[in-house]
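One file, structure-v4.pdb, carrying PDB, C-alpha atoms:
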ATOM      1  CA  MET B   1    -110.161 -25.653  82.386
ATOM      2  CA  LYS B   2    -111.933 -24.820  79.135
ATOM      3  CA  ASN B   3    -112.660 -21.316  80.357
ATOM      4  CA  SER B   4    -108.994 -20.681  81.214
ATOM      5  CA  LYS B   5    -107.896 -21.759  77.736
ATOM      6  CA  ASN B   6    -110.385 -19.477  76.065
ATOM      7  CA  LEU B   7    -109.211 -16.623  78.217
ATOM      8  CA  ALA B   8    -105.604 -17.153  77.167
ATOM      9  CA  VAL B   9    -106.576 -17.188  73.501
ATOM     10  CA  CYS B  10    -108.452 -13.966  73.886
ATOM     11  CA  LEU B  11    -105.505 -12.275  75.540
ATOM     12  CA  ILE B  12    -103.143 -13.322  72.733
ATOM     13  CA  ALA B  13    -105.568 -12.032  70.124
ATOM     14  CA  ILE B  14    -105.775  -8.676  71.870
ATOM     15  CA  ILE B  15    -101.961  -8.369  72.034
ATOM     16  CA  LEU B  16    -101.541  -9.179  68.337
ATOM     17  CA  SER B  17    -104.199  -6.763  67.359
ATOM     18  CA  GLY B  18    -102.200  -4.037  69.154
ATOM     19  CA  PHE B  19     -98.914  -4.722  67.234
ATOM     20  CA  THR B  20    -100.417  -4.853  63.741
ATOM     21  CA  PRO B  21    -100.556  -1.036  63.180
ATOM     22  CA  LEU B  22     -96.959  -0.735  64.279
ATOM     23  CA  LEU B  23     -95.777  -3.312  61.705
ATOM     24  CA  ALA B  24     -97.748  -1.634  58.968
ATOM     25  CA  GLN B  25     -96.215   1.727  59.876
ATOM     26  CA  ASP B  26     -92.636   0.305  59.616
ATOM     27  CA  SER B  27     -93.343  -1.084  56.145
ATOM     28  CA  ASP B  28     -94.486   2.322  54.898
ATOM     29  CA  TYR B  29     -91.272   3.932  56.118
ATOM     30  CA  GLN B  30     -89.158   1.386  54.201
ATOM     31  CA  ASN B  31     -91.119   1.979  51.028
ATOM     32  CA  ILE B  32     -90.559   5.738  51.282
ATOM     33  CA  GLU B  33     -86.811   5.265  51.707
ATOM     34  CA  MET B  34     -86.663   3.001  48.653
ATOM     35  CA  VAL B  35     -88.470   5.629  46.611
ATOM     36  CA  ASP B  36     -85.969   8.302  47.755
ATOM     37  CA  LEU B  37     -83.041   6.130  46.722
ATOM     38  CA  LYS B  38     -84.563   5.521  43.333
ATOM     39  CA  MET B  39     -85.109   9.244  42.864
ATOM     40  CA  ASN B  40     -81.489   9.996  43.772
ATOM     41  CA  LEU B  41     -80.268   7.365  41.314
ATOM     42  CA  ALA B  42     -82.447   8.800  38.583
ATOM     43  CA  GLU B  43     -81.055  12.280  39.239
ATOM     44  CA  THR B  44     -77.490  10.925  39.021
ATOM     45  CA  LYS B  45     -78.251   9.267  35.705
ATOM     46  CA  LEU B  46     -79.778  12.492  34.426
ATOM     47  CA  ASP B  47     -76.618  14.437  35.391
ATOM     48  CA  LEU B  48     -74.450  11.853  33.616
ATOM     49  CA  LEU B  49     -76.632  12.045  30.523
ATOM     50  CA  ASP B  50     -76.444  15.812  30.591
ATOM     51  CA  SER B  51     -72.598  15.624  30.718
ATOM     52  CA  LYS B  52     -72.528  13.268  27.756
ATOM     53  CA  ILE B  53     -74.823  15.550  25.795
ATOM     54  CA  ARG B  54     -72.556  18.538  26.458
ATOM     55  CA  LEU B  55     -69.515  16.458  25.406
ATOM     56  CA  TRP B  56     -71.172  15.459  22.149
ATOM     57  CA  GLU B  57     -72.085  19.074  21.550
ATOM     58  CA  GLU B  58     -68.396  20.104  21.954
ATOM     59  CA  LYS B  59     -67.018  17.357  19.660
ATOM     60  CA  PRO B  60     -68.291  18.809  16.343
ATOM     61  CA  ALA B  61     -66.611  22.131  17.118
ATOM     62  CA  LEU B  62     -63.294  20.324  17.899
ATOM     63  CA  LEU B  63     -63.560  18.247  14.732
ATOM     64  CA  GLU B  64     -64.275  21.362  12.704
ATOM     65  CA  LYS B  65     -61.143  23.040  14.123
ATOM     66  CA  GLN B  66     -58.983  20.004  13.269
ATOM     67  CA  LEU B  67     -60.389  19.962   9.734
ATOM     68  CA  ARG B  68     -59.510  23.639   9.307
ATOM     69  CA  ASP B  69     -55.926  22.968  10.496
ATOM     70  CA  LEU B  70     -55.624  20.053   8.062
ATOM     71  CA  GLU B  71     -56.873  22.213   5.186
ATOM     72  CA  ASN B  72     -54.329  24.895   6.067
ATOM     73  CA  ASN B  73     -51.489  22.343   6.087
ATOM     74  CA  ILE B  74     -52.562  20.977   2.713
ATOM     75  CA  ALA B  75     -52.747  24.502   1.300
ATOM     76  CA  GLN B  76     -49.169  25.185   2.489
ATOM     77  CA  LEU B  77     -47.771  22.131   0.701
ATOM     78  CA  SER B  78     -46.084  22.803  -2.713
ATOM     79  CA  PHE B  79     -47.687  19.794  -4.301
ATOM     80  CA  SER B  80     -48.541  19.306  -7.911
ATOM     81  CA  PRO B  81     -50.347  16.242  -9.256
ATOM     82  CA  GLU B  82     -48.524  16.620 -12.592
ATOM     83  CA  GLN B  83     -45.135  16.477 -10.896
ATOM     84  CA  PHE B  84     -46.166  13.455  -8.907
ATOM     85  CA  ASN B  85     -47.323  11.725 -12.080
ATOM     86  CA  TYR B  86     -43.992  12.548 -13.788
ATOM     87  CA  LYS B  87     -42.012  11.202 -10.844
ATOM     88  CA  PHE B  88     -44.086   8.065 -10.806
ATOM     89  CA  LEU B  89     -43.504   7.468 -14.523
ATOM     90  CA  LEU B  90     -39.773   8.102 -14.104
ATOM     91  CA  LEU B  91     -39.601   5.643 -11.211
ATOM     92  CA  ASP B  92     -41.465   3.075 -13.268
ATOM     93  CA  SER B  93     -38.990   3.454 -16.164
ATOM     94  CA  LEU B  94     -36.049   3.082 -13.790
ATOM     95  CA  LEU B  95     -37.531  -0.069 -12.340
ATOM     96  CA  LYS B  96     -37.902  -1.476 -15.846
ATOM     97  CA  LYS B  97     -34.272  -0.640 -16.629
ATOM     98  CA  GLN B  98     -33.171  -2.268 -13.388
ATOM     99  CA  GLN B  99     -35.048  -5.415 -14.285
ATOM    100  CA  SER B 100     -33.383  -5.489 -17.724
ATOM    101  CA  PHE B 101     -29.955  -4.977 -16.159
ATOM    102  CA  MET B 102     -30.584  -7.742 -13.657
ATOM    103  CA  ALA B 103     -31.575 -10.052 -16.492
ATOM    104  CA  GLU B 104     -28.362  -9.208 -18.381
ATOM    105  CA  GLN B 105     -26.361  -9.723 -15.193
ATOM    106  CA  SER B 106     -27.919 -13.141 -14.693
ATOM    107  CA  ILE B 107     -26.935 -14.099 -18.242
ATOM    108  CA  MET B 108     -23.374 -12.858 -17.681
ATOM    109  CA  LEU B 109     -23.063 -14.717 -14.372
ATOM    110  CA  ALA B 110     -24.283 -17.872 -16.048
ATOM    111  CA  SER B 111     -21.573 -17.544 -18.728
ATOM    112  CA  LEU B 112     -18.814 -16.436 -16.307
ATOM    113  CA  PRO B 113     -17.510 -19.908 -15.355
ATOM    114  CA  ALA B 114     -16.919 -20.753 -19.008
ATOM    115  CA  LEU B 115     -15.036 -17.459 -19.535
ATOM    116  CA  VAL B 116     -12.924 -18.023 -16.424
ATOM    117  CA  ASN B 117     -12.012 -21.531 -17.514
ATOM    118  CA  GLN B 118     -11.117 -20.236 -20.959
ATOM    119  CA  SER B 119      -8.952 -17.433 -19.526
ATOM    120  CA  GLU B 120      -7.155 -19.834 -17.209
ATOM    121  CA  SER B 121      -6.478 -22.210 -20.072
ATOM    122  CA  ASP B 122      -5.124 -19.305 -22.175
ATOM    123  CA  ILE B 123      -2.857 -18.163 -19.332
ATOM    124  CA  GLN B 124      -1.606 -21.664 -18.709
ATOM    125  CA  ALA B 125      -0.948 -22.114 -22.418
ATOM    126  CA  THR B 126       0.973 -18.815 -22.548
ATOM    127  CA  TYR B 127       3.160 -19.517 -19.566
ATOM    128  CA  SER B 128       3.645 -23.162 -20.405
ATOM    129  CA  ALA B 129       4.924 -22.082 -23.823
ATOM    130  CA  GLU B 130       7.416 -19.620 -22.264
ATOM    131  CA  PRO B 131       8.045 -20.149 -18.541
ATOM    132  CA  ILE B 132       9.555 -17.148 -16.792
ATOM    133  CA  THR B 133      10.717 -18.678 -13.514
ATOM    134  CA  ILE B 134      14.439 -19.166 -13.043
ATOM    135  CA  PRO B 135      15.744 -22.067 -10.927
ATOM    136  CA  PRO B 136      17.330 -21.191  -7.573
ATOM    137  CA  ASP B 137      20.759 -22.444  -8.658
ATOM    138  CA  LYS B 138      21.090 -19.858 -11.429
ATOM    139  CA  TYR B 139      23.506 -16.901 -11.477
ATOM    140  CA  VAL B 140      23.302 -13.408 -12.964
ATOM    141  CA  ILE B 141      26.649 -11.938 -13.994
ATOM    142  CA  SER B 142      26.430  -8.172 -14.518
ATOM    143  CA  ILE B 143      28.557  -5.170 -15.390
ATOM    144  CA  TYR B 144      28.022  -1.509 -14.420
ATOM    145  CA  PRO B 145      28.576   0.474 -17.646
ATOM    146  CA  VAL B 146      28.357   3.884 -15.944
ATOM    147  CA  ARG B 147      31.314   3.003 -13.715
ATOM    148  CA  LEU B 148      33.531   2.779 -16.784
ATOM    149  CA  PHE B 149      33.362   6.574 -17.141
ATOM    150  CA  GLU B 150      34.789   6.795 -13.612
ATOM    151  CA  GLY B 151      37.693   4.544 -14.562
ATOM    152  CA  THR B 152      36.235   1.603 -12.608
ATOM    153  CA  LEU B 153      35.343  -1.852 -13.830
ATOM    154  CA  GLN B 154      32.693  -3.382 -11.559
ATOM    155  CA  LEU B 155      31.465  -6.926 -12.006
ATOM    156  CA  SER B 156      28.747  -8.498  -9.879
ATOM    157  CA  VAL B 157      27.516 -12.052  -9.409
ATOM    158  CA  GLU B 158      23.965 -12.549  -8.146
ATOM    159  CA  ARG B 159      22.997 -16.001  -6.932
ATOM    160  CA  VAL B 160      19.294 -16.873  -6.691
ATOM    161  CA  LEU B 161      18.479 -18.480  -3.327
ATOM    162  CA  ASN B 162      14.724 -18.960  -3.769
ATOM    163  CA  ARG B 163      11.749 -17.313  -5.475
ATOM    164  CA  GLY B 164      12.029 -14.151  -3.381
ATOM    165  CA  ASN B 165      15.668 -13.782  -2.315
ATOM    166  CA  SER B 166      19.182 -13.605  -3.739
ATOM    167  CA  ILE B 167      22.634 -12.418  -2.733
ATOM    168  CA  GLU B 168      24.972 -10.297  -4.822
ATOM    169  CA  LEU B 169      28.763  -9.934  -4.608
ATOM    170  CA  SER B 170      30.617  -7.252  -6.561
ATOM    171  CA  ALA B 171      34.290  -6.672  -7.261
ATOM    172  CA  MET B 172      35.744  -3.327  -8.389
ATOM    173  CA  ALA B 173      39.056  -2.506 -10.025
ATOM    174  CA  SER B 174      39.819   1.196 -10.582
ATOM    175  CA  TYR B 175      42.351   2.936 -12.778
ATOM    176  CA  ALA B 176      41.254   6.437 -13.732
ATOM    177  CA  SER B 177      43.662   8.544 -15.787
ATOM    178  CA  LYS B 178      43.361  11.917 -17.447
ATOM    179  CA  ASN B 179      44.469  10.294 -20.674
ATOM    180  CA  GLY B 180      41.446   7.979 -20.741
ATOM    181  CA  ILE B 181      37.650   8.133 -20.665
ATOM    182  CA  ALA B 182      37.746   9.132 -16.974
ATOM    183  CA  ASN B 183      39.212  12.560 -17.815
ATOM    184  CA  TYR B 184      35.900  14.363 -17.144
ATOM    185  CA  TYR B 185      35.475  12.535 -13.835
ATOM    186  CA  LEU B 186      38.988  13.445 -12.649
ATOM    187  CA  SER B 187      38.711  17.080 -13.732
ATOM    188  CA  ASN B 188      35.681  17.506 -11.439
ATOM    189  CA  GLN B 189      37.531  16.309  -8.345
ATOM    190  CA  SER B 190      38.395  19.006  -5.775
ATOM    191  CA  LEU B 191      41.207  17.396  -3.788
ATOM    192  CA  GLU B 192      43.672  18.618  -1.164
ATOM    193  CA  TYR B 193      46.827  17.257   0.441
ATOM    194  CA  PHE B 194      48.735  18.366   3.509
ATOM    195  CA  SER B 195      52.094  19.940   2.714
ATOM    196  CA  ALA B 196      54.622  19.590   5.526
ATOM    197  CA  ALA B 197      56.810  22.342   4.053
ATOM    198  CA  ALA B 198      53.961  24.850   3.901
ATOM    199  CA  ASN B 199      52.186  23.373   6.973
ATOM    200  CA  GLU B 200      48.800  23.699   5.295
ATOM    201  CA  TYR B 201      46.399  21.957   2.937
ATOM    202  CA  ILE B 202      47.053  22.616  -0.748
ATOM    203  CA  SER B 203      44.617  21.954  -3.571
ATOM    204  CA  TYR B 204      45.707  19.757  -6.453
ATOM    205  CA  GLU B 205      44.324  17.843  -9.422
ATOM    206  CA  SER B 206      44.811  14.114  -9.283
ATOM    207  CA  GLU B 207      46.417  12.504 -12.289
ATOM    208  CA  ASN B 208      45.473   8.930 -11.406
ATOM    209  CA  ILE B 209      43.082   7.081  -9.128
ATOM    210  CA  SER B 210      43.620   3.368  -8.728
ATOM    211  CA  GLY B 211      42.536   0.687  -6.323
ATOM    212  CA  LEU B 212      40.273  -2.209  -5.541
ATOM    213  CA  GLY B 213      36.956  -2.659  -3.793
ATOM    214  CA  GLY B 214      34.027  -4.911  -3.171
ATOM    215  CA  SER B 215      30.365  -4.855  -2.096
ATOM    216  CA  PHE B 216      27.754  -7.204  -0.738
ATOM    217  CA  ALA B 217      23.968  -6.927  -1.165
ATOM    218  CA  TRP B 218      20.988  -9.011  -0.137
ATOM    219  CA  ARG B 219      18.050  -8.664  -2.523
ATOM    220  CA  ASN B 220      14.488  -9.191  -1.401
ATOM    221  CA  TYR B 221      12.133  -9.467  -4.388
ATOM    222  CA  LEU B 222       8.644  -8.217  -3.476
ATOM    223  CA  LEU B 223       6.367  -9.376  -6.309
ATOM    224  CA  PRO B 224       6.594 -13.188  -5.796
ATOM    225  CA  ARG B 225       4.494 -12.778  -2.641
ATOM    226  CA  SER B 226       1.456 -11.594  -4.595
ATOM    227  CA  LYS B 227       2.060 -12.645  -8.215
ATOM    228  CA  ALA B 228       2.957 -16.195  -9.086
ATOM    229  CA  GLU B 229       4.446 -15.258 -12.453
ATOM    230  CA  TYR B 230       7.307 -13.326 -10.795
ATOM    231  CA  SER B 231      10.353 -14.827  -9.132
ATOM    232  CA  ALA B 232      13.943 -13.819  -8.410
ATOM    233  CA  PRO B 233      15.870 -12.348 -10.157
ATOM    234  CA  ARG B 234      12.969 -10.675 -12.003
ATOM    235  CA  GLY B 235      10.865  -7.739 -10.835
ATOM    236  CA  LEU B 236      10.840  -5.212  -8.009
ATOM    237  CA  TYR B 237      13.372  -5.617  -5.198
ATOM    238  CA  VAL B 238      14.756  -3.904  -2.101
ATOM    239  CA  ALA B 239      18.431  -4.440  -1.289
ATOM    240  CA  PRO B 240      20.620  -3.347   1.647
ATOM    241  CA  VAL B 241      24.182  -2.774   0.399
ATOM    242  CA  VAL B 242      27.596  -2.438   2.082
ATOM    243  CA  MET B 243      30.781  -1.512   0.185
ATOM    244  CA  TYR B 244      34.483  -0.943   0.833
ATOM    245  CA  ARG B 245      37.120   0.590  -1.460
ATOM    246  CA  ARG B 246      40.864   1.045  -1.040
ATOM    247  CA  LEU B 247      42.172   3.728  -3.401
ATOM    248  CA  THR B 248      45.452   5.428  -4.235
ATOM    249  CA  LEU B 249      45.344   9.039  -5.462
ATOM    250  CA  SER B 250      48.510  10.264  -7.157
ATOM    251  CA  SER B 251      49.574  13.479  -8.879
ATOM    252  CA  PHE B 252      52.448  15.941  -9.227
ATOM    253  CA  ASP B 253      52.819  19.397  -7.731
ATOM    254  CA  GLN B 254      55.460  22.090  -7.351
ATOM    255  CA  GLU B 255      57.013  22.870  -3.988
ATOM    256  CA  TYR B 256      59.570  25.514  -3.035
ATOM    257  CA  ASN B 257      62.843  24.150  -1.674
ATOM    258  CA  VAL B 258      64.163  26.636   0.877
ATOM    259  CA  GLU B 259      67.624  25.091   1.141
ATOM    260  CA  GLU B 260      68.259  25.111  -2.610
ATOM    261  CA  ASP B 261      66.115  28.214  -3.220
ATOM    262  CA  ARG B 262      64.219  26.761  -6.149
ATOM    263  CA  MET B 263      60.911  25.140  -7.089
ATOM    264  CA  GLU B 264      60.814  21.367  -7.222
ATOM    265  CA  ILE B 265      58.326  18.965  -8.726
ATOM    266  CA  ILE B 266      57.113  16.502  -6.124
ATOM    267  CA  GLU B 267      54.836  13.473  -6.363
ATOM    268  CA  VAL B 268      51.682  13.595  -4.266
ATOM    269  CA  THR B 269      50.364  10.204  -3.162
ATOM    270  CA  GLN B 270      47.371   9.614  -0.836
ATOM    271  CA  LYS B 271      45.823   6.407   0.389
ATOM    272  CA  LEU B 272      42.057   6.588   0.780
ATOM    273  CA  ASN B 273      39.657   4.171   2.495
ATOM    274  CA  VAL B 274      35.977   4.455   1.592
ATOM    275  CA  PHE B 275      33.192   2.771   3.610
ATOM    276  CA  SER B 276      29.585   2.842   2.355
ATOM    277  CA  GLY B 277      26.249   1.423   3.447
ATOM    278  CA  GLY B 278      22.661   2.007   2.324
ATOM    279  CA  PHE B 279      19.587   0.732   0.521
ATOM    280  CA  ASN B 280      18.655   0.389  -3.126
ATOM    281  CA  VAL B 281      15.229  -0.048  -4.725
ATOM    282  CA  GLY B 282      15.184  -1.300  -8.274
ATOM    283  CA  TRP B 283      13.606  -3.368 -10.990
ATOM    284  CA  GLN B 284      15.467  -6.068 -12.876
ATOM    285  CA  PHE B 285      14.176  -7.108 -16.274
ATOM    286  CA  VAL B 286      14.898 -10.580 -17.619
ATOM    287  CA  LEU B 287      14.713 -10.846 -21.416
ATOM    288  CA  TRP B 288      14.522 -14.219 -23.176
ATOM    289  CA  LYS B 289      15.656 -15.861 -19.918
ATOM    290  CA  ALA B 290      19.218 -14.896 -20.811
ATOM    291  CA  ILE B 291      19.779 -11.098 -20.621
ATOM    292  CA  THR B 292      19.093  -8.819 -17.648
ATOM    293  CA  ALA B 293      18.743  -5.052 -17.349
ATOM    294  CA  ASP B 294      18.688  -3.586 -13.846
ATOM    295  CA  VAL B 295      17.668   0.001 -12.963
ATOM    296  CA  TYR B 296      18.004   1.112  -9.343
ATOM    297  CA  VAL B 297      17.913   4.179  -7.092
ATOM    298  CA  GLY B 298      18.655   4.581  -3.417
ATOM    299  CA  GLY B 299      20.728   6.322  -0.822
ATOM    300  CA  MET B 300      23.779   5.552   1.264
ATOM    301  CA  LEU B 301      26.038   6.851   3.989
ATOM    302  CA  ARG B 302      29.627   7.131   2.820
ATOM    303  CA  LEU B 303      32.630   7.676   5.104
ATOM    304  CA  SER B 304      36.034   8.459   3.590
ATOM    305  CA  LYS B 305      39.311   8.545   5.495
ATOM    306  CA  TYR B 306      42.871   9.157   4.340
ATOM    307  CA  GLU B 307      45.419   6.772   5.736
ATOM    308  CA  ASP B 308      47.597   9.456   7.352
ATOM    309  CA  GLU B 309      44.675  11.284   8.982
ATOM    310  CA  LYS B 310      42.783  10.440  12.160
ATOM    311  CA  GLU B 311      39.272  11.527  11.200
ATOM    312  CA  PHE B 312      36.936  11.146   8.267
ATOM    313  CA  THR B 313      37.001  13.858   5.628
ATOM    314  CA  LYS B 314      34.866  16.977   5.962
ATOM    315  CA  TYR B 315      33.558  19.711   3.686
ATOM    316  CA  SER B 316      34.118  17.682   0.519
ATOM    317  CA  GLN B 317      31.737  17.990  -2.391
ATOM    318  CA  VAL B 318      29.319  15.188  -3.263
ATOM    319  CA  GLN B 319      31.041  14.349  -6.553
ATOM    320  CA  ASN B 320      34.399  13.933  -4.790
ATOM    321  CA  ILE B 321      35.835  10.479  -4.375
ATOM    322  CA  ASP B 322      36.680  11.401  -0.736
ATOM    323  CA  PHE B 323      33.188  12.678   0.168
ATOM    324  CA  SER B 324      31.798  11.773   3.605
ATOM    325  CA  GLY B 325      28.077  12.008   4.286
ATOM    326  CA  VAL B 326      24.675  10.941   2.962
ATOM    327  CA  MET B 327      24.445  10.809  -0.813
ATOM    328  CA  PRO B 328      22.032   9.488  -3.462
ATOM    329  CA  ASN B 329      22.782   6.302  -5.338
ATOM    330  CA  PHE B 330      21.472   5.340  -8.767
ATOM    331  CA  GLY B 331      22.622   3.415 -11.786
ATOM    332  CA  VAL B 332      22.066   0.814 -14.468
ATOM    333  CA  LYS B 333      23.657  -2.565 -14.948
ATOM    334  CA  ILE B 334      23.455  -5.156 -17.686
ATOM    335  CA  GLY B 335      24.029  -8.867 -17.292
ATOM    336  CA  ILE B 336      23.453 -12.419 -18.435
ATOM    337  CA  VAL B 337      21.813 -15.411 -16.767
ATOM    338  CA  LYS B 338      24.040 -18.457 -16.395
TER
END
If you convert what's in this file into structure tokens, what do you get?
Amino acid sequence: MKNSKNLAVCLIAIILSGFTPLLAQDSDYQNIEMVDLKMNLAETKLDLLDSKIRLWEEKPALLEKQLRDLENNIAQLSFSPEQFNYKFLLLDSLLKKQQSFMAEQSIMLASLPALVNQSESDIQATYSAEPITIPPDKYVISIYPVRLFEGTLQLSVERVLNRGNSIELSAMASYASKNGIANYYLSNQSLEYFSAAANEYISYESENISGLGGSFAWRNYLLPRSKAEYSAPRGLYVAPVVMYRRLTLSSFDQEYNVEEDRMEIIEVTQKLNVFSGGFNVGWQFVLWKAITADVYVGGMLRLSKYEDEKEFTKYSQVQNIDFSGVMPNFGVKIGIVK
């Protein structure tokens, strides 16, 4: 038994001794491969270092080119240190002036409330001493002095409704004669009448114009909306107006009588209706809360029709009493506050 065990040990030792060179040979191969890898890595690092060196060699040339470009740009600039210094000093002086102005403004703003209170007290004292508002129940009775030269007396009554509105009614009585102050007005009338004997229109000069009329106007005062010190009937206003007049035009003319073979003097009488409507813009002054002066301008459409004719008149001149068409309107009136 001992001999068999020894034999087995010997066999194992022989087998192991045979494999030892093979193991040693494999280890050498692995070491060689590791060395090759390290060499390849070293070469790669050397290539990378060489690239970095070339890059650093190119950078100075690039920087030098950029510096040259910058110097060229600076040389092209029209820049002067003296001008810059002058501008800087000017800016500094302006800043100092601005600071002084701001200080003055702060002082003025601090004193503004006292000035405002003082101004308000002065205004209140002025208007409390002489109030300019007129109560709504007041009337303004006016006369149109220019109408007198047309032989017409026109009186108007304006009633104040509120601070911004009033209504006005006018009455007209006309009697124009060549023997009175309306002579110039009558002499400028170009009138015609239809003669049945001659079967045509014949021109004539009217000796008298008489009649009655009336008008209605609504006045809208504009300033009370924005200024408290204004109220009707004082200030700027806009007024739509409608008017009607019934007139009688009379004169004398000569007409040939065929039957008696002689000229006869005949009386020419025409009845005229005048309708008017338009707008006026004016300003009414109120003095001492008792006297008014009103100046106005505007325009209106006037239609005139003789009683014995079917249509309104045509081709009449603007100054004619029987004119039909659009015409300007202006005038002055004087009144009292009651």
Determine, counting all atoms listed in the file, which protein, DNA and RNA residues have an atom within 12 Å of an atom of Val268 of chain B; residues of the same chain fewer than 4 positions away are not included. Present the result as a PDB file with C-alpha atoms, in the frame of the given file.
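Okay, selection.pdb is ready:
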ATOM      1  CA  LEU B 191      41.207  17.396  -3.788  1.00  0.00           C
ATOM      2  CA  GLU B 192      43.672  18.618  -1.164  1.00  0.00           C
ATOM      3  CA  TYR B 193      46.827  17.257   0.441  1.00  0.00           C
ATOM      4  CA  PHE B 194      48.735  18.366   3.509  1.00  0.00           C
ATOM      5  CA  SER B 195      52.094  19.940   2.714  1.00  0.00           C
ATOM      6  CA  ALA B 196      54.622  19.590   5.526  1.00  0.00           C
ATOM      7  CA  ILE B 202      47.053  22.616  -0.748  1.00  0.00           C
ATOM      8  CA  SER B 203      44.617  21.954  -3.571  1.00  0.00           C
ATOM      9  CA  TYR B 204      45.707  19.757  -6.453  1.00  0.00           C
ATOM     10  CA  GLU B 205      44.324  17.843  -9.422  1.00  0.00           C
ATOM     11  CA  SER B 206      44.811  14.114  -9.283  1.00  0.00           C
ATOM     12  CA  GLU B 207      46.417  12.504 -12.289  1.00  0.00           C
ATOM     13  CA  ASN B 208      45.473   8.930 -11.406  1.00  0.00           C
ATOM     14  CA  ILE B 209      43.082   7.081  -9.128  1.00  0.00           C
ATOM     15  CA  THR B 248      45.452   5.428  -4.235  1.00  0.00           C
ATOM     16  CA  LEU B 249      45.344   9.039  -5.462  1.00  0.00           C
ATOM     17  CA  SER B 250      48.510  10.264  -7.157  1.00  0.00           C
ATOM     18  CA  SER B 251      49.574  13.479  -8.879  1.00  0.00           C
ATOM     19  CA  PHE B 252      52.448  15.941  -9.227  1.00  0.00           C
ATOM     20  CA  ASP B 253      52.819  19.397  -7.731  1.00  0.00           C
ATOM     21  CA  GLN B 254      55.460  22.090  -7.351  1.00  0.00           C
ATOM     22  CA  GLU B 255      57.013  22.870  -3.988  1.00  0.00           C
TER      23      GLU B 255
END
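Closest approach to Leu212 of chain B among B:Ala293, B:Ala176, B:Ala171, B:Ala182 is made by B:Ala171 (distances from all atoms listed in the file).
Pairwise distance (atom CA of Glu311 of chain B, atom CA of Glu150 of chain B) equals 25.7 Å.
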Checklist outcome for this item: The distance between atom CA of Val160 of chain B and atom CA of Met243 of chain B is 20.4 Å
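The gap separating atom CA of Leu161 of chain B from atom CA of Pro240 of chain B is 16.1 Å, in Å to one decimal.
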Checklist entry - Residues picked by the PyMOL selection byres ((chain B and resi 301) around 9) here, as a list in words? => result Phe275, Ser276, Gly277, Gly278, Gly299, Met300, Arg302, Leu303, Ser324, Gly325, Val326, Met327 and Pro328 of chain B
Checklist entry - Which residues match the PyMOL selection byres ((chain B and resi 221) around 10) in the file above, as a ChimeraX atom specification? => result /B:162-166,218-220,222-225,230-239,281-284
Item to check | Picked residues, the PyMOL selection byres ((chain B and resi 175) around 7), as a ChimeraX atom specification | outcome: /B:151-152,173-174,176-177,208-211
Checklist entry - How would you write as a ChimeraX atom specification the residues that get within 7 Å of (15.8, 2.9, -6.1) in the file's frame, counting only C-alpha atoms? => result /B:280-282,296-298,330
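Closest approach to Gln317 of chain B from the set B:Ser190, B:Asn183, B:Asn40, B:Ser142 is made by B:Ser190, with distances taken over all atoms listed in the file.
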Build an axis-aligned box that encloses every atom of segment 44-55 of chain B listed in the file, pad it by 5 Å on each side, and report its centre and edge lengths in Å to one decimal, as lines of an AutoDock Vina configuration file.
center_x = -74.6
center_y = 13.9
center_z = 32.2
size_x = 20.3
size_y = 19.3
size_z = 23.6
Checklist entry - Could you name the residues that touch Ile334 of chain B at 8 Å or less, counting all atoms listed in the file, but leaving out those on the same chain fewer than 6 positions away, as number ranges by chain? => result B: 142-145, 291-294
Checklist outcome for this item: Residue with the minimum atom-to-atom distance to Leu272 of chain B, picked from B:Asn329, B:Gln30, B:Ser226, B:Asn320 with only C-alpha atoms counted, is B:Asn320
